[in-house]
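Just start04.txt here, compact mmCIF, C-alpha atoms:
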# COMPACT_ATOMS: atom_id res chain seq x y z
CA MET A 1 -30.32 12.09 68.38
CA SER A 2 -30.50 11.36 64.67
CA LEU A 3 -28.50 12.47 61.67
CA THR A 4 -31.27 14.88 60.65
CA ASP A 5 -30.77 16.72 63.95
CA ILE A 6 -27.29 17.65 62.66
CA LEU A 7 -27.64 17.56 58.87
CA SER A 8 -30.37 18.98 56.65
CA PRO A 9 -32.72 16.28 55.30
CA SER A 10 -32.61 17.96 51.87
CA ASP A 11 -28.78 17.91 51.87
CA ILE A 12 -28.80 14.23 52.86
CA ALA A 13 -31.28 13.48 50.05
CA ALA A 14 -29.11 15.35 47.52
CA ALA A 15 -25.99 13.48 48.65
CA LEU A 16 -27.77 10.12 48.35
CA ARG A 17 -29.13 11.01 44.89
CA ASP A 18 -25.60 11.84 43.75
CA CYS A 19 -24.36 8.30 44.44
CA GLN A 20 -27.36 6.14 43.53
CA ALA A 21 -25.51 4.22 40.82
CA PRO A 22 -23.22 1.39 41.95
CA ASP A 23 -19.56 2.44 42.15
CA SER A 24 -20.45 6.15 42.05
CA PHE A 25 -19.87 6.84 45.77
CA SER A 26 -17.15 9.37 46.59
CA PRO A 27 -16.70 9.98 50.32
CA LYS A 28 -15.36 13.53 49.82
CA LYS A 29 -18.24 14.49 47.52
CA PHE A 30 -20.78 12.90 49.87
CA PHE A 31 -19.34 14.82 52.85
CA GLN A 32 -19.55 18.09 50.88
CA ILE A 33 -23.07 17.63 49.49
CA SER A 34 -24.50 16.37 52.79
CA GLY A 35 -23.00 19.32 54.65
CA MET A 36 -20.81 17.14 56.88
CA SER A 37 -17.63 18.91 55.78
CA LYS A 38 -18.97 22.16 57.29
CA LYS A 39 -19.74 20.71 60.72
CA THR A 40 -17.80 21.29 63.93
CA SER A 41 -15.60 18.67 65.56
CA SER A 42 -18.23 17.97 68.21
CA GLN A 43 -20.95 17.58 65.57
CA LEU A 44 -18.72 15.17 63.61
CA LYS A 45 -18.12 13.13 66.77
CA GLU A 46 -21.90 12.85 67.21
CA ILE A 47 -22.32 11.84 63.53
CA PHE A 48 -19.61 9.21 64.04
CA ARG A 49 -21.38 7.89 67.15
CA ILE A 50 -24.61 7.51 65.14
CA LEU A 51 -22.80 5.79 62.25
CA ASP A 52 -20.99 3.39 64.62
CA ASN A 53 -23.88 0.93 64.60
CA ASP A 54 -22.47 -1.48 67.20
CA GLN A 55 -21.09 1.35 69.38
CA SER A 56 -17.62 -0.24 69.39
CA GLY A 57 -15.88 3.11 68.93
CA PHE A 58 -14.95 2.14 65.37
CA ILE A 59 -16.65 1.79 62.01
CA GLU A 60 -15.59 -1.61 60.71
CA GLU A 61 -15.74 -2.77 57.10
CA ASP A 62 -19.02 -4.66 57.60
CA GLU A 63 -20.63 -1.48 59.02
CA LEU A 64 -19.10 0.68 56.31
CA LYS A 65 -20.88 -1.10 53.46
CA TYR A 66 -24.19 0.02 55.02
CA PHE A 67 -22.95 3.63 55.38
CA LEU A 68 -25.59 5.12 53.05
CA GLN A 69 -28.38 3.21 54.78
CA ARG A 70 -27.53 4.96 58.05
CA PHE A 71 -28.72 8.15 56.32
CA GLU A 72 -31.81 6.61 54.71
CA CYS A 73 -32.95 3.03 55.26
CA GLY A 74 -33.88 2.55 51.59
CA ALA A 75 -30.47 3.63 50.29
CA ARG A 76 -28.23 1.13 48.54
CA VAL A 77 -25.30 -0.67 50.13
CA LEU A 78 -21.81 0.28 49.03
CA THR A 79 -20.16 -2.09 46.58
CA ALA A 80 -17.15 -4.10 47.74
CA SER A 81 -14.78 -1.80 45.84
CA GLU A 82 -16.44 1.36 47.24
CA THR A 83 -16.21 -0.05 50.76
CA LYS A 84 -12.53 -0.96 50.40
CA THR A 85 -11.67 2.43 48.84
CA PHE A 86 -13.55 4.29 51.61
CA LEU A 87 -11.82 2.24 54.32
CA ALA A 88 -8.37 2.69 52.77
CA ALA A 89 -8.88 6.47 52.51
CA ALA A 90 -9.83 6.85 56.18
CA ASP A 91 -7.89 4.09 57.97
CA HIS A 92 -4.65 5.99 58.64
CA ASP A 93 -3.25 3.54 61.20
CA GLY A 94 -3.96 0.43 59.10
CA ASP A 95 -5.98 -1.44 61.74
CA GLY A 96 -8.79 -2.26 59.31
CA LYS A 97 -11.36 0.06 60.91
CA ILE A 98 -12.12 3.77 61.15
CA GLY A 99 -11.84 5.49 64.51
CA ALA A 100 -13.56 8.75 65.44
CA GLU A 101 -10.42 10.84 64.85
CA GLU A 102 -9.74 9.18 61.49
CA PHE A 103 -13.34 9.85 60.46
CA GLN A 104 -13.12 13.49 61.51
CA GLU A 105 -9.80 13.96 59.67
CA MET A 106 -11.26 12.47 56.49
CA VAL A 107 -14.41 14.62 56.60
CA GLN A 108 -12.52 17.83 57.31
CA ALA A 109 -9.65 17.23 54.83
Show me, as structure tokens, the structure contained in the file I just sent.
Amino acid sequence: MSLTDILSPSDIAAALRDCQAPDSFSPKKFFQISGMSKKTSSQLKEIFRILDNDQSGFIEEDELKYFLQRFECGARVLTASETKTFLAAADHDGDGKIGAEEFQEMVQA
């Protein structure tokens, strides 16, 4: 399964266009434009599974900087400040990584 099985390719493209400039990425805005914020819990779990590149059950900081590239291979990497802000917003238990439930809570908030 791929992200385009769950999300519209045109919505993904629009979300990526919105954050092309360095330091312009907003997780909430990306989730809204891409359509992720309208998905069911089971769909969000599948999206998380796809984004969890090493299948560890968590999205770690080094995976998070390549977040946009999981949607389109030619997309930019997140800047260090974007990555840290994204991680801080989602990592509710302070373990330095984002679990599936934390991801779902952030997307649906």
Fewer than 5 positions away in the same chain doesn't count, so skip those; otherwise give me all residues within 9 Å of range 64-66 of chain A, counting all atoms listed in the file, as a list in words. Leu51, Asp52, Ile59, Ala75, Arg76, Val77, Leu78, Thr79, Ala80, Glu82, Thr83, Lys84, Phe86 and Leu87 of chain A
In terms of the shortest atom-to-atom distance over only C-alpha atoms, which of A:Leu3, A:Ile33, A:Leu44, A:Ile98 is closest to Phe58 in chain A? A:Ile98
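Using all atoms listed in the file, the contacts of Glu102 in chain A at a cut-off of 9 Å, with sequence neighbours closer than 3 positions omitted, comprise Ala90, Asp91, His92, Asp93, Ile98, Gly99, Glu105, Met106 and Val107 of chain A.
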Can you tell me how far CA of Asn53 in chain A sits from CA of Phe67 in chain A, in Å to one decimal?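 Going from CA of Asn53 in chain A over to CA of Phe67 in chain A covers 9.7 Å.
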Fewer than 5 positions away in the same chain doesn't count, so skip those; otherwise give me all residues within 12 Å of Ser10 in chain A, counting only C-alpha atoms, as an NGL selection string. :A and (3-4 or 15-17 or 33-35 or 71-72)
I need the chosen residues saved as a PDB file, keeping the file's coordinate frame, with C-alpha atoms.
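Below is the file that was written, out.pdb:
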ATOM      1  CA  LEU A   3     -28.500  12.470  61.670  1.00  0.00           C
ATOM      2  CA  THR A   4     -31.270  14.880  60.650  1.00  0.00           C
ATOM      3  CA  ALA A  15     -25.990  13.480  48.650  1.00  0.00           C
ATOM      4  CA  LEU A  16     -27.770  10.120  48.350  1.00  0.00           C
ATOM      5  CA  ARG A  17     -29.130  11.010  44.890  1.00  0.00           C
ATOM      6  CA  ILE A  33     -23.070  17.630  49.490  1.00  0.00           C
ATOM      7  CA  SER A  34     -24.500  16.370  52.790  1.00  0.00           C
ATOM      8  CA  GLY A  35     -23.000  19.320  54.650  1.00  0.00           C
ATOM      9  CA  PHE A  71     -28.720   8.150  56.320  1.00  0.00           C
ATOM     10  CA  GLU A  72     -31.810   6.610  54.710  1.00  0.00           C
TER      11      GLU A  72
END
CA of Gln108 in chain A to CA of Ser37 in chain A: how many Å, to one decimal?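 Separation of CA of Gln108 in chain A and CA of Ser37 in chain A: 5.4 Å.
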Write out as a tab-separated table (two decimals) with C-alpha atoms, in the frame of the given file the residues lying within 9 Å of Ser2 in chain A, counting all atoms listed in the file and excluding same-chain residues fewer than 5 positions away.
chain	number	residue	atom	x	y	z
A	7	LEU	CA	-27.64	17.56	58.87
A	47	ILE	CA	-22.32	11.84	63.53
A	50	ILE	CA	-24.61	7.51	65.14
Report, in Å with one decimal, the straight-line distance from CA of Pro22 in chain A to CA of Ile6 in chain A.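 Going from CA of Pro22 in chain A over to CA of Ile6 in chain A, I get 26.6 Å.
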Of the candidates A:Lys97, A:Lys28, A:Leu68, A:Gly57, which one gets nearest to Lys45 in chain A if we count only C-alpha atoms? A:Gly57
Find the residue from A:Glu63, A:Ser42, A:Ala109, A:Gly74 that sits nearest to Pro27 in chain A; use only C-alpha atoms when measuring.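 Answer, going by the shortest atom-to-atom distance: A:Ala109.
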Restricting the calculation to only C-alpha atoms, which member of A:Asp11, A:Asp95, A:Glu101, A:Asp23 is positioned closest to Lys38 in chain A?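 Of all the options, A:Asp11 lies closest to Lys38 in chain A.
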